[in-house]
Structures are given as structure tokens and as C-alpha cells.
Number of protein chains: 2
Amino acid sequence: MARPREFDEATVLDAAAGCFWSRGYEATSVRDLIEKTGITGASLYNAFGDKRTLYQKALDHYVEDSIANRIRRCEQLPPRRAIGVFFEEILSRSLYDPEHRGCMLVNAALDVAPHDPDLQQVVAAMLTRIETFFRRTVEAGQADGTITRSLTAETLGQHLLGVLMGVRVLARVRPEKALLEGVIAPALALLDRRPASEA
Amino acid sequence: MARPREFDEATVLDAAAGCFWSRGYEATSVRDLIEKTGITGASLYNAFGDKRTLYQKALDHYVEDSIANRIRRCEQLPPRRAIGVFFEEILSRSLYDPEHRGCMLVNAALDVAPHDPDLQQVVAAMLTRIETFFRRTVEAGQADGTITRSLTAETLGQHLLGVLMGVRVLARVRPEKALLEGVIAPALALLDRRPASEA
DNA sequence: TGCATTTTGGTTCGACCGTTCTAGAATGCG
DNA sequence: CGCATTCTAGAACGGTCGAACCAAAATGCA
């Protein structure tokens with residue numbers, strides 16, 4: 001056997017994700033990563049490959065840790081409430097964000113994905129995962145009568161995904177509570193409406 | 001007097017904006033800019049200052065040329081139609097975008113603005129300008145009865161701004177017509193709804 | 001015509017980039 | 001105990017970065 005590692009992989013990925021999250025991909029140097037993760041360059045390259053590969057692993061780690069986790073928590077709630085709680089969490093996260101880092105996945109969607117076909121597919125798949133959560137939740141809400149049937153679950157899921165992206169972008173430049181609430185409120189109000197045919 | 005310039009300022013700003021738009025701020029080198037603009041480094045620094053200053057001027061140029069121009073055109077239309085046409089243009093721009101560059105202002109909001117307080121204020125002001133267009137148009141539509149009064153013009157304007165950001169982000173990673181239409185449709189449908197009290 | 005002024009085309013600068021390499025330290029197994 | 005293996009620490013690599021510098025060229029005015 002050989003000498004054991006002196007670092008914890010998850011801890012390093014946390015720190016690396018923090019760097020990329022704060023500064024973006026291009027503006028983060030390998031030396032930044034070395035300093036913030038606390039491990040040396042050789043260890044970093046040995047364990048995670050080059051900068052690009054590390055980025056993808058850090059993004060995976062982030063998504064699993066924060067987004068997938070939030071989805072899992074919300075899936076336990078009644079449908080209409082699940083969507084409400086989801087956006088409440090997004091709102092409070094966006095407002096308490098001293099560095100204005102936003103969501104690392106949304107940042108990746110604009111910063112890195114368009115220049116890297118592999119990563120574009122990864123990010124697209126992650127966004128589809130969020131969209132699917134919305135769609136399925138809307139379907140459940142339509143089934144139990146708590147969400148309108150005036151639009152299809154597919155369309156509403158797509159709309160909610162778009163609104164989520166919009167909130168995350170605006171929050172980085174104009175983190176004003178009233179603005180973000182104004183973006184979200186109509187989307188939630190729309191869910192509650194009765195179909196026109198029942199009016 | 002002195003030797004006259006051999007380049008056209010607007011043409012250079014167009015080319016520079018194209019570079020930053022395609023590659024982002026950090027990934028664009030001054031050598032890229034020199035090549036694409038066709039002028040030399042000395043001319044570039046003399047006429048536009050450093051890279052950061054050039055970026056801001058290029059962004060200004062872009063916004064005035066494409067966003068402000070679109071707003072001016074839409075302002076001539078009846079309110080409800082103005083918003084519909086606005087999003088139709090966004091949709092077709094987003095779908096015909098071989099490089100997936102999206103909107104340079106939205107890119108700036110995530111790529112550059114969070115790391116540069118001055119630029120953050122500039123971008124925030126530009127976004128407010130779009131929001132104001134939406135709000136005023138909704139107000140006019142509410143006045144002539146073509147847009148619902150079930151939500152305030154302020155809230156609807158904020159929502160439309162958020163949806164616009166969302167479309168622009170999604171289009172860069174998942175430029176699918178059905179998805180983008182699904183994001184937009186509920187927002188437009190919401191405008192047409194009658195207030196619940198009239199149902 | 002010549003002088004002051006500005007632009008132009010390259011070159012050059014020190015700094016930093018991502019990555020690799022060289023040593024040596026630390027482990028489990030035979 | 002020693003050997004193969006994998007770790008750590010840090011120096012070093014070629015390359016590129018943003019920016020500054022330098023003559024030479026080109027103008028309008030005296």
C-alpha cells in the first residue's frame with residue numbers, strides 16, 4: 001500500500017466550488033484553488049485532474065449538495081406548498097448573499113457551458129432535473145385540485161424554471177426584496193387561478 | 001492639428017462588443033480585440049483606455065444599439081401588442097443564435113457586474129430601464145383595458161423583467177423553441193386574465 | 001515649409017497563467 | 001525491516017496576459 005491522503009475529498013470540492021462560485025471559471029487561478037483548498041498543486045492534479053475537470057466535479061458536488069437537496073426536501077411537501085417553499089428559499093438565499101454569488105449552476109450556464117459542449121450537456125441535464133421537479137409537482141397539484149388546469153403542467157413547469165433563472169440573475173445585480181418578490185408573485189398567483197371555463 | 005484617426009469609433013466598438021459578447025470578459029484577451037477590431041494596441045489604449053474601460057464602452061454601445069432600439073420600436077405599438085412583439089423578437093433572436101451568445105447585457109450581469117461595483121450600477125440602471133418600459137406599457141394597457149388589473153403594473157413589470165432574464169439564460173444552454181415558448185406563454189396569458197372579482 | 005501634435009505599427013515588459021517535474025516523506029505488505 | 005507505492009512540498013516550465021514604450025508617419029497651422 002501507499003501513503004494515505006491527508007485531505008478530505010468533499011472538503012476540497014467544497015472549497016474549490018466556493019472559488020469558482022465567487023470568481024467564475026476564468027477568473028479563478030489554480031493558485032487561488034491551491035490556497036483556498038489547502039492542498040498543493042500536485043495533490044490537486046493527482047486527485048482531480050486539470051482545472052476544467054476539477055470545475056466539473058466541484059459543480060457536481062455543489063448541485064448535489066444544494067439543489068438536489070432542496071428538491072428532495074420540497075418533494076415531501078404538498079404540491080402547491082412545495083413550489084411556494086422552493087421559491088421562498090430561493091428568495092431568502094438570494095437576499096442573504098453578501099458576495100452576490102447567486103447560484104453556481106446559473107453562473108455556469110452563462111459563464112462556462114456555452115464554450116464547452118460537454119459541460120453544456122451537463123448543465124442542461126441539471127436544468128432539466130429542476131424543470132422535471134416543477135412539472136411533476138404541478139401535475140400532482142393539478143391532480144389534487146390545488147393548482148390550476150388552465151395551463152398544462154409542462155408549460156407551467158417551463159415557466160417556473162424560467163422565473164427561477166430570472167430571479168437568480170437579477171439578484172446578483174439588483175438584490176432588492178421588492179423586485180424579486182414582484183418577479184415571483186405573478187408566477188405563484190398564476191398557479192392558484194381557476195381555469196377560465198370555470199369562471 | 002494632428003494626424004487623423006484611421007478607424008471609425010463605432011465600428012471598433014461593434015467589433016469589441018462582439019468579442020466580449022462571444023467569449024466573456026475574462027476569456028477575451030487584448031490581443032483578440034486587436035485582431036478583431038483591426039486596430040493596433042496603442043490606438044486601442046489611446047482611444048478607449050484599458051480593457052475594463054473598453055468593455056464598458058462596448059457594452060454601452062451594444063445596449064444603445066440593440067436593447068434601447070428595441071424598446072423604442074415597441075413603444076410605438078399598442079401596449080398589449082408591444083409586450084407580445086418584444087418577446088417574439090427575443091424568442092427569434094434566442095433561437096437564431098448559432099454561437100449561443102445570448103444577450104450581452106445579461107451576460108454582463110453575471111460575468112462582470114458582481115465583481116465591479118461601478119459596472120454593477122451601470123448594469124442595474126440598464127435593467128431598470130427595461131423594467132420601466134414594461135411597467136409603463138402595462139400601465140398604458142391597464143388604462144385602455146387590454147391588460148388585467150388583477151396585479152399592479154409594478155409587479156407585472158418586475159415579473160416580465162424576470163421572465164426576460166430567464167429566457168435569455170435558458171436559451172444559451174437549452175435553445176429549444178418549445179421550452180422558451182413555455183417560459184413566456186404563462187406570463188403573456190397572465191396579462192390577458194380578467195381580475196378574479198369580475199369572474 | 002517646418003513645427004506641434006496625435007496616430008500607428010511593433011516591440012518589450014514584468015507578472016501571472018495552467019501544468020509538470022523533482023525530491024522527499026509516509027504508509028502497508030512481504 | 002525494506003521495498004513498492006502514493007502522497008506532499010515547492011520549484012520550474014513555456015506560454016500568454018494586460019499594459020507601456022518607442023520611433024516613424026501623418027496631419028493643420030504658423
# chains A, B, ... in the order shown; residues from 1 in each chain; ligands from 1
>>> calpha_fit_and_write(fixed="chain B", moving="chain A", output="tab-separated table (two decimals) with C-alpha atoms, in the first residue's frame")
chain	number	residue	atom	x	y	z
A	1	MET	CA	-3.57	69.83	-35.99
A	2	ALA	CA	-2.57	66.22	-36.03
A	3	ARG	CA	-2.95	63.09	-38.02
A	4	PRO	CA	-6.59	61.95	-38.30
A	5	ARG	CA	-7.81	58.59	-37.10
A	6	GLU	CA	-7.91	55.77	-39.57
A	7	PHE	CA	-10.69	53.89	-37.81
A	8	ASP	CA	-14.34	54.52	-37.08
A	9	GLU	CA	-15.13	54.49	-33.37
A	10	ALA	CA	-18.52	52.83	-33.73
A	11	THR	CA	-17.08	50.08	-35.93
A	12	VAL	CA	-14.36	49.36	-33.40
A	13	LEU	CA	-16.87	49.27	-30.54
A	14	ASP	CA	-19.03	46.89	-32.56
A	15	ALA	CA	-16.13	44.53	-33.05
A	16	ALA	CA	-15.00	44.81	-29.44
A	17	ALA	CA	-18.52	44.17	-28.17
A	18	GLY	CA	-18.63	41.13	-30.43
A	19	CYS	CA	-15.50	39.73	-28.77
A	20	PHE	CA	-16.69	40.30	-25.22
A	21	TRP	CA	-20.13	39.07	-26.14
A	22	SER	CA	-18.86	35.79	-27.57
A	23	ARG	CA	-16.15	34.96	-25.09
A	24	GLY	CA	-16.96	36.91	-21.94
A	25	TYR	CA	-14.76	39.48	-20.26
A	26	GLU	CA	-12.00	37.37	-18.73
A	27	ALA	CA	-11.62	35.01	-21.66
A	28	THR	CA	-11.20	37.88	-24.12
A	29	SER	CA	-7.58	38.95	-24.44
A	30	VAL	CA	-6.39	42.33	-25.61
A	31	ARG	CA	-4.76	40.52	-28.51
A	32	ASP	CA	-8.16	39.12	-29.52
A	33	LEU	CA	-9.51	42.66	-29.47
A	34	ILE	CA	-6.61	43.94	-31.56
A	35	GLU	CA	-7.16	41.23	-34.15
A	36	LYS	CA	-10.95	41.58	-34.41
A	37	THR	CA	-11.09	45.38	-34.33
A	38	GLY	CA	-8.23	45.70	-36.81
A	39	ILE	CA	-6.55	48.52	-34.94
A	40	THR	CA	-3.32	48.30	-33.00
A	41	GLY	CA	-2.79	48.11	-29.29
A	42	ALA	CA	-1.54	51.64	-29.00
A	43	SER	CA	-4.56	53.03	-30.86
A	44	LEU	CA	-6.85	50.97	-28.72
A	45	TYR	CA	-5.36	52.22	-25.46
A	46	ASN	CA	-5.15	55.79	-26.73
A	47	ALA	CA	-8.75	55.93	-27.85
A	48	PHE	CA	-10.56	53.78	-25.31
A	49	GLY	CA	-8.37	53.40	-22.24
A	50	ASP	CA	-7.70	50.01	-20.68
A	51	LYS	CA	-9.56	46.74	-21.19
A	52	ARG	CA	-12.06	47.39	-18.44
A	53	THR	CA	-12.96	50.84	-19.80
A	54	LEU	CA	-13.27	49.49	-23.32
A	55	TYR	CA	-15.62	46.82	-22.04
A	56	GLN	CA	-17.91	49.38	-20.50
A	57	LYS	CA	-17.97	51.47	-23.67
A	58	ALA	CA	-18.63	48.40	-25.79
A	59	LEU	CA	-21.48	47.40	-23.48
A	60	ASP	CA	-22.96	50.90	-23.66
A	61	HIS	CA	-22.72	50.74	-27.42
A	62	TYR	CA	-24.41	47.35	-27.51
A	63	VAL	CA	-27.25	48.36	-25.21
A	64	GLU	CA	-27.97	51.54	-27.10
A	65	ASP	CA	-27.82	49.71	-30.39
A	66	SER	CA	-29.95	46.68	-29.64
A	67	ILE	CA	-31.89	46.98	-26.40
A	68	ALA	CA	-32.77	50.67	-26.35
A	69	ASN	CA	-33.56	50.41	-30.02
A	70	ARG	CA	-35.98	47.54	-29.46
A	71	ILE	CA	-37.68	49.45	-26.65
A	72	ARG	CA	-38.09	52.49	-28.86
A	73	ARG	CA	-39.67	50.40	-31.59
A	74	CYS	CA	-42.05	48.61	-29.25
A	75	GLU	CA	-43.11	51.83	-27.54
A	76	GLN	CA	-44.80	52.84	-30.79
A	77	LEU	CA	-47.20	49.87	-30.63
A	78	PRO	CA	-50.43	49.42	-28.66
A	79	PRO	CA	-49.47	48.29	-25.12
A	80	ARG	CA	-50.53	44.65	-25.14
A	81	ARG	CA	-49.05	44.18	-28.56
A	82	ALA	CA	-45.83	45.95	-27.58
A	83	ILE	CA	-45.11	43.31	-24.95
A	84	GLY	CA	-46.06	40.49	-27.28
A	85	VAL	CA	-43.80	41.77	-30.04
A	86	PHE	CA	-40.97	42.36	-27.59
A	87	PHE	CA	-40.97	38.72	-26.53
A	88	GLU	CA	-41.45	37.50	-30.09
A	89	GLU	CA	-38.27	39.30	-31.02
A	90	ILE	CA	-36.42	37.91	-28.01
A	91	LEU	CA	-37.61	34.44	-28.92
A	92	SER	CA	-36.47	34.59	-32.53
A	93	ARG	CA	-33.18	36.19	-31.54
A	94	SER	CA	-32.59	33.47	-28.99
A	95	LEU	CA	-33.41	30.68	-31.41
A	96	TYR	CA	-31.28	32.07	-34.21
A	97	ASP	CA	-28.06	32.44	-32.26
A	98	PRO	CA	-25.53	30.00	-33.71
A	99	GLU	CA	-22.88	30.89	-31.16
A	100	HIS	CA	-25.28	30.84	-28.20
A	101	ARG	CA	-24.10	34.26	-27.10
A	102	GLY	CA	-27.43	35.27	-25.60
A	103	CYS	CA	-27.79	38.90	-24.56
A	104	MET	CA	-24.59	40.75	-23.80
A	105	LEU	CA	-26.26	42.68	-20.99
A	106	VAL	CA	-27.46	39.53	-19.26
A	107	ASN	CA	-24.01	38.03	-19.67
A	108	ALA	CA	-22.54	41.17	-18.13
A	109	ALA	CA	-24.93	40.90	-15.22
A	110	LEU	CA	-23.44	37.56	-14.23
A	111	ASP	CA	-19.94	37.70	-15.60
A	112	VAL	CA	-18.63	41.14	-14.76
A	113	ALA	CA	-21.05	43.21	-12.72
A	114	PRO	CA	-20.81	41.24	-9.46
A	115	HIS	CA	-17.05	41.82	-9.30
A	116	ASP	CA	-17.10	45.50	-10.19
A	117	PRO	CA	-19.26	47.93	-8.21
A	118	ASP	CA	-19.19	50.62	-10.89
A	119	LEU	CA	-20.29	48.26	-13.61
A	120	GLN	CA	-22.88	46.74	-11.31
A	121	GLN	CA	-24.57	50.12	-11.04
A	122	VAL	CA	-24.43	50.59	-14.79
A	123	VAL	CA	-25.97	47.18	-15.45
A	124	ALA	CA	-28.56	47.69	-12.73
A	125	ALA	CA	-29.57	50.98	-14.33
A	126	MET	CA	-29.91	49.32	-17.73
A	127	LEU	CA	-32.11	46.59	-16.25
A	128	THR	CA	-34.22	49.23	-14.54
A	129	ARG	CA	-34.67	50.86	-17.92
A	130	ILE	CA	-36.14	47.63	-19.29
A	131	GLU	CA	-38.29	47.20	-16.20
A	132	THR	CA	-39.60	50.74	-16.59
A	133	PHE	CA	-40.53	50.05	-20.20
A	134	PHE	CA	-42.54	47.01	-19.09
A	135	ARG	CA	-44.20	48.84	-16.22
A	136	ARG	CA	-45.18	51.84	-18.29
A	137	THR	CA	-46.49	49.64	-21.06
A	138	VAL	CA	-48.55	47.63	-18.60
A	139	GLU	CA	-49.90	50.84	-17.10
A	140	ALA	CA	-50.99	52.00	-20.54
A	141	GLY	CA	-52.57	48.62	-21.22
A	142	GLN	CA	-54.43	48.72	-17.91
A	143	ALA	CA	-55.66	52.19	-18.78
A	144	ASP	CA	-57.11	51.13	-22.13
A	145	GLY	CA	-58.44	47.84	-20.79
A	146	THR	CA	-56.22	45.46	-22.76
A	147	ILE	CA	-54.21	44.28	-19.75
A	148	THR	CA	-55.49	42.84	-16.48
A	149	ARG	CA	-55.75	44.90	-13.34
A	150	SER	CA	-55.59	41.84	-11.10
A	151	LEU	CA	-51.93	42.62	-10.40
A	152	THR	CA	-50.23	45.99	-10.22
A	153	ALA	CA	-48.28	47.35	-13.15
A	154	GLU	CA	-45.21	47.38	-10.93
A	155	THR	CA	-45.48	43.69	-10.10
A	156	LEU	CA	-46.20	42.72	-13.69
A	157	GLY	CA	-43.27	44.77	-14.91
A	158	GLN	CA	-40.98	43.04	-12.46
A	159	HIS	CA	-42.32	39.65	-13.50
A	160	LEU	CA	-41.78	40.39	-17.19
A	161	LEU	CA	-38.23	41.51	-16.49
A	162	GLY	CA	-37.57	38.28	-14.61
A	163	VAL	CA	-39.05	36.15	-17.38
A	164	LEU	CA	-36.92	38.00	-19.92
A	165	MET	CA	-33.77	37.23	-17.92
A	166	GLY	CA	-34.84	33.61	-17.60
A	167	VAL	CA	-35.38	33.18	-21.33
A	168	ARG	CA	-31.99	34.70	-22.07
A	169	VAL	CA	-30.24	32.34	-19.67
A	170	LEU	CA	-32.02	29.18	-20.75
A	171	ALA	CA	-31.52	29.95	-24.42
A	172	ARG	CA	-27.77	29.73	-24.03
A	173	VAL	CA	-27.87	26.19	-22.72
A	174	ARG	CA	-31.15	24.79	-24.00
A	175	PRO	CA	-32.14	26.74	-27.09
A	176	GLU	CA	-35.33	24.76	-27.66
A	177	LYS	CA	-38.30	26.57	-29.14
A	178	ALA	CA	-40.89	24.68	-27.08
A	179	LEU	CA	-39.07	25.38	-23.83
A	180	LEU	CA	-38.68	29.10	-24.40
A	181	GLU	CA	-42.27	29.44	-25.57
A	182	GLY	CA	-43.37	27.60	-22.46
A	183	VAL	CA	-41.48	30.05	-20.28
A	184	ILE	CA	-43.05	33.07	-21.97
A	185	ALA	CA	-46.60	31.88	-22.63
A	186	PRO	CA	-47.89	31.95	-19.02
A	187	ALA	CA	-46.54	35.46	-18.52
A	188	LEU	CA	-48.42	36.69	-21.56
A	189	ALA	CA	-51.53	34.70	-20.64
A	190	LEU	CA	-51.45	36.36	-17.25
A	191	LEU	CA	-51.66	39.79	-18.85
A	192	ASP	CA	-54.91	38.88	-20.58
A	193	ARG	CA	-56.72	37.50	-17.56
A	194	ARG	CA	-59.68	39.31	-16.13
A	195	PRO	CA	-59.39	40.18	-12.45
A	196	ALA	CA	-61.00	37.60	-10.17
A	197	SER	CA	-63.53	40.14	-8.91
A	198	GLU	CA	-65.01	40.38	-12.40
A	199	ALA	CA	-65.28	36.63	-12.83
>>> closest_atom_pairs(of="chain C", to="chain B", cutoff="6 Å", atoms="only C-alpha atoms (C1' of nucleotides)", output="CSV")
residue,atom,partner,partner_atom,distance
C:DT5,C1',B:Ala2,CA,4.8
C:DT6,C1',B:Ala2,CA,4.7
C:DT7,C1',B:Arg3,CA,5.9
>>> write_last_selection(atoms="C-alpha atoms (C1' of nucleotides)", output="PDB file, in the first residue's frame")
ATOM      1  C1'  DT C   5       0.525  67.176 -32.029  1.00  0.00           C
ATOM      2  C1'  DT C   6      -1.540  62.851 -32.474  1.00  0.00           C
ATOM      3  C1'  DT C   7      -1.947  58.160 -34.521  1.00  0.00           C
TER       4       DT C   7
END
>>> interface_residues(of="chain D", to="chain A", cutoff="12 Å", atoms="only C-alpha atoms (C1' of nucleotides)", output="list of chain:residue names")
D:DC3, D:DA4, D:DT5, D:DT6, D:DC7, D:DT8, D:DA9, D:DG10, D:DA11
>>> select_by_dssp(residues="chain A", states="alpha helix (DSSP H)", output="ChimeraX atom specification")
/A:9-23,30-37,41-48,51-62,68-75,79-95,104-111,117-143,153-173,177-192
>>> atom_distance(atom1="C1' of DA20 in chain D", atom2="C1' of DT12 in chain C")
8.4 Å
>>> atom_distance(atom1="C1' of DC22 in chain D", atom2="C1' of DC17 in chain C")
27.7 Å
>>> atom_distance(atom1="C1' of DC21 in chain C", atom2="C1' of DT16 in chain D")
21.0 Å
